[in-house]
>>> print(open('coords_39.cif').read())   # mmCIF, C-alpha atoms
data_structure
#
loop_
_atom_site.label_atom_id
_atom_site.label_comp_id
_atom_site.auth_asym_id
_atom_site.auth_seq_id
_atom_site.Cartn_x
_atom_site.Cartn_y
_atom_site.Cartn_z
CA MET A 744 22.49 16.28 -7.79
CA PRO A 745 22.15 14.08 -4.69
CA GLU A 746 23.74 10.65 -4.42
CA LEU A 747 20.91 8.22 -5.08
CA ASP A 748 22.37 4.89 -3.95
CA PHE A 749 21.54 5.48 -0.26
CA SER A 750 23.99 2.73 0.61
CA GLY A 751 23.87 1.75 4.25
CA GLU A 752 20.49 3.44 4.83
CA SER A 753 17.48 1.43 5.95
CA THR A 754 14.44 1.28 3.68
CA CYS A 755 12.17 -0.13 6.40
CA THR A 756 12.10 2.74 8.87
CA ALA A 757 8.91 4.07 10.43
CA ARG A 758 5.74 3.36 8.44
CA HIS A 759 7.67 1.75 5.61
CA GLY A 760 8.35 -1.26 7.79
CA LEU A 761 4.76 -2.12 8.66
CA HIS A 762 4.58 -4.99 6.18
CA PRO A 763 7.09 -6.76 3.91
CA TYR A 764 6.70 -6.03 0.20
CA ALA A 765 8.85 -7.24 -2.69
CA ALA A 766 10.87 -4.73 -4.77
CA ARG A 767 9.72 -1.79 -2.67
CA CYS A 768 11.11 1.55 -3.86
CA PRO A 769 13.49 3.13 -1.31
CA PRO A 770 11.71 5.96 0.55
CA GLN A 771 14.85 8.10 0.26
CA LEU A 772 14.53 7.98 -3.53
CA VAL A 773 10.87 8.92 -3.41
CA ARG A 774 11.69 11.79 -1.05
CA TYR A 775 14.25 13.12 -3.54
CA GLY A 776 11.78 13.00 -6.43
CA VAL A 777 8.90 14.59 -4.53
CA ARG A 778 11.08 17.34 -3.08
CA TYR A 779 12.78 18.24 -6.37
CA TYR A 780 9.84 18.04 -8.76
CA SER A 781 6.79 19.21 -6.81
CA LYS A 782 5.86 21.81 -4.24
CA PRO A 783 3.71 21.72 -1.07
CA GLY A 784 0.03 21.43 -1.91
CA ASP A 785 0.61 19.72 -5.26
CA ILE A 786 -1.09 16.45 -6.12
CA VAL A 787 1.41 13.60 -6.31
CA LEU A 788 0.19 10.45 -8.04
CA ASP A 789 1.59 6.91 -8.00
CA PRO A 790 -0.45 4.85 -10.48
CA MET A 791 1.28 1.62 -9.34
CA MET A 792 1.69 2.39 -5.65
CA GLY A 793 2.46 -1.10 -4.31
CA SER A 794 2.65 -0.78 -0.53
CA GLY A 795 2.32 3.02 -0.61
CA THR A 796 5.87 4.35 -0.23
CA THR A 797 5.17 7.33 -2.50
CA LEU A 798 2.01 8.23 -0.59
CA VAL A 799 3.74 8.29 2.78
CA GLU A 800 6.68 10.36 1.59
CA ALA A 801 4.44 12.80 -0.30
CA ALA A 802 2.28 13.29 2.79
CA HIS A 803 5.35 13.92 4.96
CA LEU A 804 6.37 16.65 2.51
CA LYS A 805 2.85 18.17 2.66
CA ARG A 806 1.75 17.13 -0.80
CA ARG A 807 -1.68 15.70 -1.51
CA ALA A 808 -1.21 12.07 -2.53
CA ILE A 809 -3.20 9.62 -4.64
CA GLY A 810 -2.21 6.04 -5.31
CA PHE A 811 -3.69 3.19 -7.32
CA ASP A 812 -2.89 -0.50 -7.40
CA ILE A 813 -4.62 -3.48 -8.94
CA ASP A 814 -3.68 -5.71 -6.01
CA PRO A 815 -6.17 -5.53 -3.08
CA LEU A 816 -3.58 -6.51 -0.46
CA ALA A 817 -1.26 -3.76 -1.68
CA ARG A 818 -4.10 -1.27 -1.33
CA LEU A 819 -4.85 -2.45 2.22
CA ILE A 820 -1.20 -2.08 3.26
CA ALA A 821 -0.94 1.38 1.68
CA GLU A 822 -4.16 2.53 3.31
CA VAL A 823 -2.94 1.50 6.76
CA LYS A 824 0.50 3.06 6.21
CA CYS A 825 -1.22 6.37 5.46
CA CYS A 826 -3.85 6.23 8.21
CA THR A 827 -4.11 8.85 10.96
CA LEU A 828 -4.68 6.39 13.81
CA THR A 829 -3.09 7.49 17.07
CA ASP A 830 -1.40 5.07 19.43
CA GLU A 831 -4.11 5.75 22.00
CA GLN A 832 -6.78 4.70 19.49
CA VAL A 833 -4.88 1.55 18.57
CA ASP A 834 -4.42 0.71 22.25
CA ARG A 835 -8.17 0.93 22.96
CA GLN A 836 -9.10 -1.09 19.88
CA TYR A 837 -6.44 -3.70 20.59
CA LYS A 838 -7.82 -4.26 24.08
CA THR A 839 -11.25 -4.85 22.54
CA LEU A 840 -9.73 -7.31 20.08
CA LEU A 841 -7.94 -9.16 22.88
CA GLY A 842 -11.29 -9.53 24.65
CA THR A 843 -12.77 -11.08 21.51
CA ILE A 844 -9.80 -13.44 21.17
CA SER A 845 -10.27 -14.49 24.78
CA GLU A 846 -13.97 -15.21 24.20
CA ILE A 847 -13.13 -17.45 21.24
CA GLY A 848 -10.52 -19.24 23.36
CA LYS A 849 -9.82 -22.78 22.23
CA ARG A 850 -13.01 -23.02 20.20
CA LYS A 851 -12.68 -25.33 17.21
CA ILE A 852 -12.71 -23.19 14.07
CA ARG A 853 -13.83 -24.52 10.73
CA LEU A 854 -11.10 -23.46 8.31
CA PRO A 855 -12.33 -21.44 5.31
CA GLN A 856 -12.43 -23.30 2.00
CA SER A 857 -9.94 -20.77 0.60
CA VAL A 858 -7.40 -21.86 3.23
CA ARG A 859 -7.85 -25.48 2.26
CA VAL A 860 -7.27 -24.50 -1.38
CA ALA A 861 -4.15 -22.50 -0.48
CA ALA A 862 -2.80 -25.26 1.71
CA SER A 863 -3.09 -27.81 -1.08
CA LEU A 864 -1.46 -25.67 -3.78
CA SER A 865 1.83 -27.15 -5.02
CA GLY A 866 1.38 -30.29 -2.99
CA PRO A 867 -1.11 -33.07 -2.14
CA HIS A 868 -1.00 -32.74 1.64
CA PRO A 869 -4.10 -30.89 2.91
CA LEU A 870 -2.01 -28.73 5.24
CA LYS A 871 1.20 -28.48 3.24
CA TRP A 872 1.77 -24.83 4.09
CA PHE A 873 0.30 -24.76 7.64
CA SER A 874 0.60 -27.15 10.54
CA SER A 875 -2.81 -28.10 11.95
CA SER A 876 -2.32 -26.23 15.26
CA VAL A 877 -1.02 -23.09 13.53
CA ALA A 878 -3.92 -23.21 11.08
CA GLN A 879 -6.41 -23.42 13.95
CA ASP A 880 -4.81 -20.47 15.73
CA LEU A 881 -4.78 -18.42 12.54
CA GLY A 882 -8.45 -19.30 12.08
CA ARG A 883 -9.27 -18.10 15.59
CA LEU A 884 -7.31 -14.90 15.11
CA ALA A 885 -8.90 -14.18 11.72
CA HIS A 886 -12.36 -14.79 13.17
CA ALA A 887 -11.63 -12.43 16.07
CA ILE A 888 -10.41 -9.64 13.78
CA GLU A 889 -13.48 -9.98 11.58
CA SER A 890 -16.03 -10.15 14.42
CA ALA A 891 -14.58 -7.73 17.02
CA LYS A 892 -16.55 -4.53 17.63
CA ILE A 893 -13.86 -2.13 16.44
CA SER A 894 -13.57 0.65 13.88
CA GLN A 895 -13.00 -0.28 10.25
CA ILE A 896 -9.58 1.41 10.03
CA SER A 897 -8.50 -0.42 13.21
CA ARG A 898 -9.72 -3.69 11.70
CA LYS A 899 -7.58 -2.99 8.61
CA PHE A 900 -4.61 -2.22 10.87
CA PHE A 901 -4.96 -5.62 12.54
CA TRP A 902 -5.40 -7.38 9.18
CA VAL A 903 -2.09 -5.91 8.04
CA ALA A 904 -0.46 -7.28 11.21
CA PHE A 905 -2.11 -10.65 10.54
CA SER A 906 -0.86 -10.74 6.95
CA SER A 907 2.65 -9.75 7.95
CA ILE A 908 3.14 -12.69 10.34
CA ILE A 909 2.41 -15.01 7.40
CA LEU A 910 4.43 -13.16 4.76
CA ALA A 911 7.39 -12.21 6.98
CA ARG A 912 10.82 -13.75 6.52
CA THR A 913 10.15 -15.85 9.61
CA SER A 914 6.61 -16.86 8.71
CA VAL A 915 4.21 -18.83 10.87
CA ALA A 916 3.50 -20.87 7.73
CA ASN A 917 5.60 -23.88 6.78
CA ALA A 918 7.36 -21.78 4.18
CA ARG A 919 10.23 -19.40 3.65
CA ASP A 920 11.11 -16.89 0.91
CA ILE A 921 7.37 -16.28 0.51
CA ILE A 922 7.65 -12.65 -0.50
CA HIS A 923 9.93 -13.55 -3.40
CA SER A 924 6.86 -15.15 -5.03
CA ARG A 925 8.11 -18.74 -4.85
CA PRO A 926 7.60 -20.10 -1.30
CA HIS A 927 9.73 -23.06 -0.33
CA ARG A 928 8.59 -25.79 2.05
CA PHE A 929 10.05 -25.37 5.52
CA THR A 930 9.55 -27.28 8.75
CA HIS A 931 9.75 -25.27 11.97
CA PRO A 932 11.90 -27.00 14.60
CA VAL A 933 9.46 -25.55 17.16
CA LEU A 934 5.90 -24.67 16.18
CA PRO A 935 5.47 -20.88 16.10
CA ASP A 936 3.12 -19.23 18.58
CA VAL A 937 0.64 -17.37 16.35
CA PHE A 938 -0.75 -15.12 19.07
CA GLU A 939 2.69 -14.20 20.40
CA ARG A 940 3.88 -13.37 16.87
CA PHE A 941 0.76 -11.25 16.37
CA ARG A 942 1.25 -9.45 19.70
CA SER A 943 4.88 -8.73 18.83
CA ARG A 944 3.92 -7.43 15.39
CA ILE A 945 1.28 -5.13 16.83
CA GLY A 946 3.90 -3.71 19.20
CA LEU A 947 6.30 -3.09 16.32
CA MET A 948 3.61 -1.44 14.19
CA ARG A 949 2.54 0.80 17.05
CA ARG A 950 6.11 2.00 17.59
CA ARG A 951 6.55 2.77 13.90
CA ILE A 952 3.25 4.64 13.65
CA LYS A 953 4.15 6.68 16.75
CA GLU A 954 7.56 7.74 15.43
CA SER A 955 6.20 9.03 12.12
CA SER A 956 2.86 10.75 12.55
CA LEU A 957 1.72 12.43 9.35
CA PRO A 958 1.82 16.26 9.34
CA LYS A 959 -1.22 18.52 9.23
CA ALA A 960 -1.90 20.59 6.12
CA ASN A 961 -2.74 23.74 8.06
CA GLY A 962 -2.13 22.76 11.65
CA ARG A 963 -5.60 21.21 11.99
CA ARG A 964 -6.59 19.03 9.04
CA ALA A 965 -4.60 16.02 7.91
CA ILE A 966 -2.93 15.92 4.51
CA THR A 967 -5.30 14.24 2.07
CA VAL A 968 -4.07 10.79 1.03
CA TYR A 969 -6.04 8.30 -1.04
CA ALA A 970 -4.97 4.68 -1.54
CA LEU A 971 -7.34 3.32 -4.15
CA ARG A 972 -7.78 0.11 -6.08
CA GLY A 973 -7.40 0.78 -9.78
CA ASP A 974 -5.53 0.07 -12.97
CA ALA A 975 -2.64 2.29 -14.10
CA ARG A 976 -3.58 1.61 -17.71
CA GLN A 977 -6.88 3.45 -17.21
CA LEU A 978 -6.87 6.00 -14.42
CA ASP A 979 -10.60 6.46 -13.99
CA GLY A 980 -11.52 9.39 -11.79
CA ILE A 981 -8.33 11.40 -12.36
CA ALA A 982 -9.00 14.52 -14.41
CA ALA A 983 -6.76 15.59 -17.25
CA ASP A 984 -4.06 18.18 -16.45
CA SER A 985 -4.62 17.84 -12.68
CA VAL A 986 -1.50 16.13 -11.28
CA GLY A 987 1.68 18.05 -10.46
CA LEU A 988 3.97 15.01 -10.19
CA VAL A 989 3.81 11.32 -11.01
CA PHE A 990 6.32 9.19 -9.13
CA THR A 991 6.20 5.47 -9.75
CA SER A 992 8.34 2.35 -9.82
CA PRO A 993 6.64 -0.05 -12.27
CA PRO A 994 6.90 -3.82 -11.98
CA TYR A 995 9.63 -5.50 -14.01
CA ALA A 996 8.66 -7.69 -16.93
CA THR A 997 7.90 -11.25 -15.70
CA ALA A 998 10.07 -10.78 -12.59
CA LEU A 999 7.54 -11.03 -9.75
CA ASP A 1000 4.18 -12.73 -9.42
CA TYR A 1001 2.55 -10.77 -6.60
CA PRO A 1002 -0.56 -12.98 -6.23
CA ARG A 1003 1.70 -16.01 -5.85
CA ALA A 1004 3.76 -14.09 -3.28
CA HIS A 1005 0.66 -13.10 -1.30
CA PHE A 1006 -1.71 -16.07 -1.61
CA LEU A 1007 -0.90 -17.66 1.76
CA ALA A 1008 -2.15 -14.53 3.54
CA VAL A 1009 -4.97 -13.70 1.11
CA ALA A 1010 -6.48 -17.16 1.69
CA TRP A 1011 -7.51 -16.02 5.20
CA MET A 1012 -8.58 -12.50 4.22
CA GLU A 1013 -11.34 -12.82 1.64
CA ALA A 1014 -13.78 -10.74 3.70
CA ALA A 1015 -11.18 -8.03 4.30
CA LEU A 1016 -10.13 -7.82 0.64
CA GLY A 1017 -13.52 -8.35 -0.99
CA MET A 1018 -12.19 -11.07 -3.28
CA THR A 1019 -12.04 -14.85 -3.19
CA LEU A 1020 -8.68 -16.56 -3.41
CA LYS A 1021 -9.70 -18.15 -6.70
CA ASP A 1022 -10.52 -14.76 -8.23
CA TYR A 1023 -7.39 -13.23 -6.74
CA LEU A 1024 -5.14 -15.83 -8.32
CA ALA A 1025 -6.99 -15.54 -11.62
CA GLU A 1026 -6.49 -11.77 -11.62
CA GLY A 1027 -2.74 -12.29 -11.58
CA SER A 1028 -2.60 -12.70 -15.34
CA ARG A 1029 -3.90 -9.12 -15.73
CA TYR A 1030 -1.12 -7.52 -13.68
CA VAL A 1031 1.40 -5.38 -15.54
CA GLY A 1032 4.54 -7.50 -15.89
CA SER A 1033 2.80 -10.81 -15.12
CA GLU A 1034 4.52 -13.99 -16.21
CA ARG A 1035 1.14 -15.63 -16.73
CA GLY A 1036 -1.18 -15.48 -19.73
CA LYS A 1037 -2.69 -17.48 -22.58
CA PHE A 1038 -1.72 -16.56 -26.11
CA GLY A 1039 -3.03 -19.46 -28.16
CA ALA A 1040 -1.20 -21.37 -30.85
CA GLY A 1041 0.97 -19.94 -33.59
CA GLY A 1042 4.08 -18.76 -31.77
CA PHE A 1043 5.38 -15.22 -31.53
CA VAL A 1044 4.23 -12.54 -33.98
CA LEU A 1045 5.61 -9.02 -33.68
CA ALA A 1046 2.73 -6.61 -33.11
CA PRO A 1047 2.44 -3.89 -35.78
CA ALA A 1048 2.65 -1.22 -33.05
CA PHE A 1049 6.27 -2.24 -32.35
CA ALA A 1050 7.47 -2.69 -35.92
CA GLU A 1051 8.68 0.93 -36.10
CA ARG A 1052 9.91 1.15 -32.52
CA LYS A 1053 13.54 0.13 -32.77
CA MET A 1054 14.29 -0.62 -29.12
CA CYS A 1055 11.10 -2.64 -28.68
CA ARG A 1056 11.54 -4.47 -31.96
CA ASP A 1057 15.16 -5.43 -31.32
CA VAL A 1058 14.43 -6.81 -27.84
CA LEU A 1059 11.37 -8.76 -28.92
CA THR A 1060 12.89 -10.33 -32.02
CA SER A 1061 16.04 -11.29 -30.12
CA LEU A 1062 14.01 -12.89 -27.33
CA ALA A 1063 11.62 -14.61 -29.75
CA SER A 1064 14.47 -16.47 -31.43
CA SER A 1065 15.01 -18.57 -28.30
CA ALA A 1066 11.94 -18.11 -26.10
CA ALA A 1067 8.71 -17.35 -27.97
CA ARG A 1068 6.49 -17.37 -24.88
CA GLN A 1069 8.75 -14.95 -23.01
CA ALA A 1070 8.74 -12.69 -26.07
CA LEU A 1071 4.93 -12.64 -26.00
CA LEU A 1072 4.92 -11.80 -22.29
CA VAL A 1073 7.44 -8.98 -22.75
CA GLN A 1074 5.52 -7.65 -25.75
CA ARG A 1075 2.40 -7.50 -23.60
CA TYR A 1076 4.42 -5.70 -20.92
CA PHE A 1077 5.63 -3.10 -23.44
CA SER A 1078 2.06 -2.62 -24.65
CA ASP A 1079 0.80 -2.17 -21.09
CA MET A 1080 3.53 0.33 -20.25
CA ALA A 1081 2.68 2.33 -23.39
CA LYS A 1082 -0.87 2.64 -22.04
CA VAL A 1083 0.42 3.65 -18.60
CA LEU A 1084 2.62 6.38 -20.10
CA LYS A 1085 -0.28 7.76 -22.15
CA GLU A 1086 -2.37 7.98 -18.98
CA ILE A 1087 0.49 9.72 -17.18
CA VAL A 1088 0.65 12.32 -19.96
CA ARG A 1089 -3.10 12.84 -19.80
CA VAL A 1090 -3.27 13.52 -16.05
CA LEU A 1091 -0.09 15.62 -15.70
CA THR A 1092 -0.37 19.38 -15.69
CA PRO A 1093 1.51 21.06 -18.57
CA GLY A 1094 5.09 21.37 -17.41
CA GLY A 1095 4.54 18.68 -14.76
CA HIS A 1096 7.08 15.93 -14.19
CA ALA A 1097 6.98 12.13 -14.08
CA VAL A 1098 9.73 10.25 -12.24
CA VAL A 1099 9.88 6.60 -13.29
CA VAL A 1100 12.24 4.22 -11.50
CA ILE A 1101 12.96 1.15 -13.60
CA CYS A 1102 15.55 -1.58 -13.89
CA PRO A 1103 16.80 -3.39 -17.01
CA SER A 1104 16.67 -7.15 -16.71
CA HIS A 1105 17.73 -10.41 -18.30
CA ILE A 1106 15.18 -12.94 -19.53
CA ARG A 1107 16.60 -16.24 -20.74
CA LYS A 1108 19.99 -14.51 -20.94
CA VAL A 1109 18.61 -11.82 -23.27
CA ARG A 1110 19.16 -8.32 -21.92
CA VAL A 1111 15.96 -6.28 -21.76
CA PRO A 1112 16.95 -2.57 -21.51
CA THR A 1113 13.61 -1.54 -20.04
CA ASN A 1114 14.83 2.00 -19.35
CA ASP A 1115 15.63 2.59 -23.03
CA VAL A 1116 12.33 1.04 -24.09
CA LEU A 1117 10.37 3.31 -21.74
CA VAL A 1118 12.21 6.36 -23.08
CA GLU A 1119 11.17 5.31 -26.60
CA LEU A 1120 7.56 4.73 -25.56
CA ALA A 1121 7.44 7.98 -23.59
CA ARG A 1122 8.69 9.96 -26.57
CA GLU A 1123 5.77 8.68 -28.64
CA ALA A 1124 3.41 9.58 -25.80
CA SER A 1125 4.74 13.18 -25.89
CA LEU A 1126 6.78 12.96 -22.69
CA ALA A 1127 10.18 14.62 -22.96
CA LEU A 1128 13.14 12.99 -21.19
CA LYS A 1129 14.62 15.71 -18.99
CA ALA A 1130 17.27 13.64 -17.19
CA GLN A 1131 18.36 10.06 -16.57
CA HIS A 1132 20.28 8.94 -13.47
CA MET A 1133 21.71 5.57 -12.55
CA ARG A 1134 21.72 4.12 -9.05
CA THR A 1135 23.01 0.86 -7.59
CA ILE A 1136 20.45 -1.39 -5.93
CA ASP A 1137 21.48 -2.44 -2.45
CA CYS A 1138 20.52 -6.11 -2.72
CA ARG A 1139 21.08 -6.59 1.02
CA ARG A 1140 18.20 -4.31 1.86
CA ARG A 1141 15.74 -4.61 -1.00
CA LEU A 1142 13.46 -7.62 -1.32
CA LEU A 1143 14.17 -8.97 -4.80
CA PRO A 1144 13.58 -12.40 -6.31
CA TYR A 1145 16.37 -14.92 -6.07
CA MET A 1146 17.91 -15.76 -9.44
CA ASP A 1147 20.16 -18.43 -10.81
CA ASP A 1148 22.58 -16.35 -12.86
CA ASN A 1149 23.71 -19.38 -14.87
CA LYS A 1150 20.20 -20.04 -16.15
CA LEU A 1151 18.58 -16.61 -16.33
CA GLY A 1152 21.38 -14.08 -16.78
CA ALA A 1153 22.92 -11.43 -14.58
CA ARG A 1154 21.15 -10.26 -11.44
CA MET A 1155 19.42 -6.88 -11.58
CA SER A 1156 21.79 -4.44 -9.88
CA THR A 1157 21.41 -1.04 -11.55
CA GLU A 1158 18.26 1.06 -11.62
CA TYR A 1159 17.52 4.03 -13.81
CA VAL A 1160 15.71 7.09 -12.54
CA LEU A 1161 14.00 8.61 -15.57
CA ILE A 1162 12.82 12.22 -15.26
CA PHE A 1163 10.16 13.11 -17.84
CA GLN A 1164 8.32 16.37 -18.36
CA LYS A 1165 5.03 17.07 -20.08
CA PRO A 1166 5.53 19.91 -22.58
CA ARG A 1167 3.77 23.19 -22.04
CA PRO A 1168 1.46 24.32 -24.85
CA ALA A 1169 3.14 26.53 -27.42
CA ALA A 1170 2.56 30.25 -26.87
CA ARG A 1171 0.10 31.83 -29.24
CA HIS A 1172 1.17 34.97 -31.05
CA GLY A 1173 -1.00 37.66 -32.60
CA PRO A 1174 -0.27 39.39 -35.90
CA TYR A 1175 2.15 41.74 -34.11
CA GLY A 1176 4.04 39.14 -32.09
CA ARG A 1177 3.82 38.60 -28.35
#
>>> encode(input="coords_39.cif", output="structure tokens")
Amino acid sequence: MPELDFSGESTCTARHGLHPYAARCPPQLVRYGVRYYSKPGDIVLDPMMGSGTTLVEAAHLKRRAIGFDIDPLARLIAEVKCCTLTDEQVDRQYKTLLGTISEIGKRKIRLPQSVRVAASLSGPHPLKWFSSSVAQDLGRLAHAIESAKISQISRKFFWVAFSSIILARTSVANARDIIHSRPHRFTHPVLPDVFERFRSRIGLMRRRIKESSLPKANGRRAITVYALRGDARQLDGIAADSVGLVFTSPPYATALDYPRAHFLAVAWMEAALGMTLKDYLAEGSRYVGSERGKFGAGGFVLAPAFAERKMCRDVLTSLASSAARQALLVQRYFSDMAKVLKEIVRVLTPGGHAVVVICPSHIRKVRVPTNDVLVELAREASLALKAQHMRTIDCRRRLLPYMDDNKLGARMSTEYVLIFQKPRPAARHGPYGR
């Protein structure tokens, strides 16, 4: 059994460092799961792929990879991380983009309405999150990326670079801690140079793509990798009994609001993502683990489906005694994860494995043992628990939300790696035995 803490190892090497993403699963952990529980040529599925860590690692190990995520920005990042662009192709397309940027020059750009909406969120000032000069430069850059005569995959590559300079730790926006889902107002002592930040990011992305080219399946054709937009609760398009391994790290209950973490970049990228900012923010209440939702009047009522599930019932009733709304949100999370597990069982081949990486949490100082709850839900979905391993989260390297331990409870520090297996059908015997 390998040591799964990976203390001291970077989780942002090569393609995994193209774009910041909160609570990203360590690639070393994915590599362990894919190597141990699948073989070359198998289909590896991540129904909640986030930024695509599972897809990249599966492709490197010569597995066919499929990923789904409900968030369009996550899909864009994952698609670019798994692309087969060469540095020579990026270089040619970047030169074309630079020509378009030069043509736009200092032209006054009318800021999209979505940017005005984003800038006014959480504050009355029309450019709360962007200084006027930075906003104009971002507008010029966005217009150049959208209008340049370049290939679609190159355009996506540049959109990921664009998004990353807004969502990075040192953002060009007047904000910090953006990726933790609660941006805080920040004033730059010196206004950031948008085009220089973009140029630097493109250079970094090119180096990381070069150092980790994806292998060929047979020396000629690339490994098939699909990063798709979809919902883990209903895996449309995936046939039953077709997936050799599911590896996924689900969101935690009410811990991260991804649309709120991403909105400052999404505001500029409606054309690239095929969704308005208004619709994007509204979709947030549908995400698994969302802290948003309307439940109407009447307080918490334990759903009949959880009355006989001891772990679920105990957590929900304990939480409801002090925080009815949080109990409703967690109950919805449990219900969503039950649907996800049923879909995992449906698509797995008999004897196939599912590796689920999950962390218990504290909500209003009530411990939520999510790992034990998922084991209970998986058992009812006919997934057998084969093994359970604990690992320590390296909080220095993983992007996690900041927490006030006095108000919310202990910080999440231990993850559980749950290894499930779909049972094989029972052997049929004739009248004379085998």
>>> resolve_selection(input="coords_39.cif", expression="the PyMOL selection byres ((chain A and resi 880-891) around 7)", output="PyMOL selection string")
chain A and resi 840+843-844+847+852+854+876-879+892-893+898+901+937+1011
>>> resolve_selection(input="coords_39.cif", expression="the PyMOL selection byres ((chain A and resi 1158) around 6)", output="MDAnalysis selection string")
chainID A and resid 1101:1102 1133:1134 1157 1159
>>> residues_around(input="coords_39.cif", residues="Ile966 of chain A", least_positions_apart="4", cutoff="8 Å", atoms="all atoms listed in the file", output="VMD selection string")
chain A and resid 802 805 to 807 957 to 960
>>> residues_near_point(input="coords_39.cif", point="(21.1, 11.9, -4.1)", cutoff="12 Å", atoms="all atoms listed in the file", output="ChimeraX atom specification")
/A:744-750,769,771-776,778-779,1132-1135,1160
>>> closest_residue(input="coords_39.cif", among="A:Val1118, A:Ala861, A:Leu1128, A:Ile1087", to="Asp984 of chain A", atoms="only C-alpha atoms")
A:Ile1087
>>> atom_distance(input="coords_39.cif", atom1="atom CA of Ile945 of chain A", atom2="atom CA of Ala904 of chain A")
6.3 Å
>>> residues_around(input="coords_39.cif", residues="Ser956 of chain A", least_positions_apart="6", cutoff="12 Å", atoms="all atoms listed in the file", output="compact mmCIF listing (two decimals) with C-alpha atoms, in the frame of the given file")
# COMPACT_ATOMS: atom_id res chain seq x y z
CA ALA A 757 8.91 4.07 10.43
CA ARG A 758 5.74 3.36 8.44
CA VAL A 799 3.74 8.29 2.78
CA GLU A 800 6.68 10.36 1.59
CA ALA A 802 2.28 13.29 2.79
CA HIS A 803 5.35 13.92 4.96
CA LYS A 824 0.50 3.06 6.21
CA CYS A 825 -1.22 6.37 5.46
CA CYS A 826 -3.85 6.23 8.21
CA THR A 827 -4.11 8.85 10.96
CA LEU A 828 -4.68 6.39 13.81
CA THR A 829 -3.09 7.49 17.07
CA ASP A 830 -1.40 5.07 19.43
CA ARG A 949 2.54 0.80 17.05
CA ARG A 950 6.11 2.00 17.59
CA ALA A 965 -4.60 16.02 7.91
CA ILE A 966 -2.93 15.92 4.51
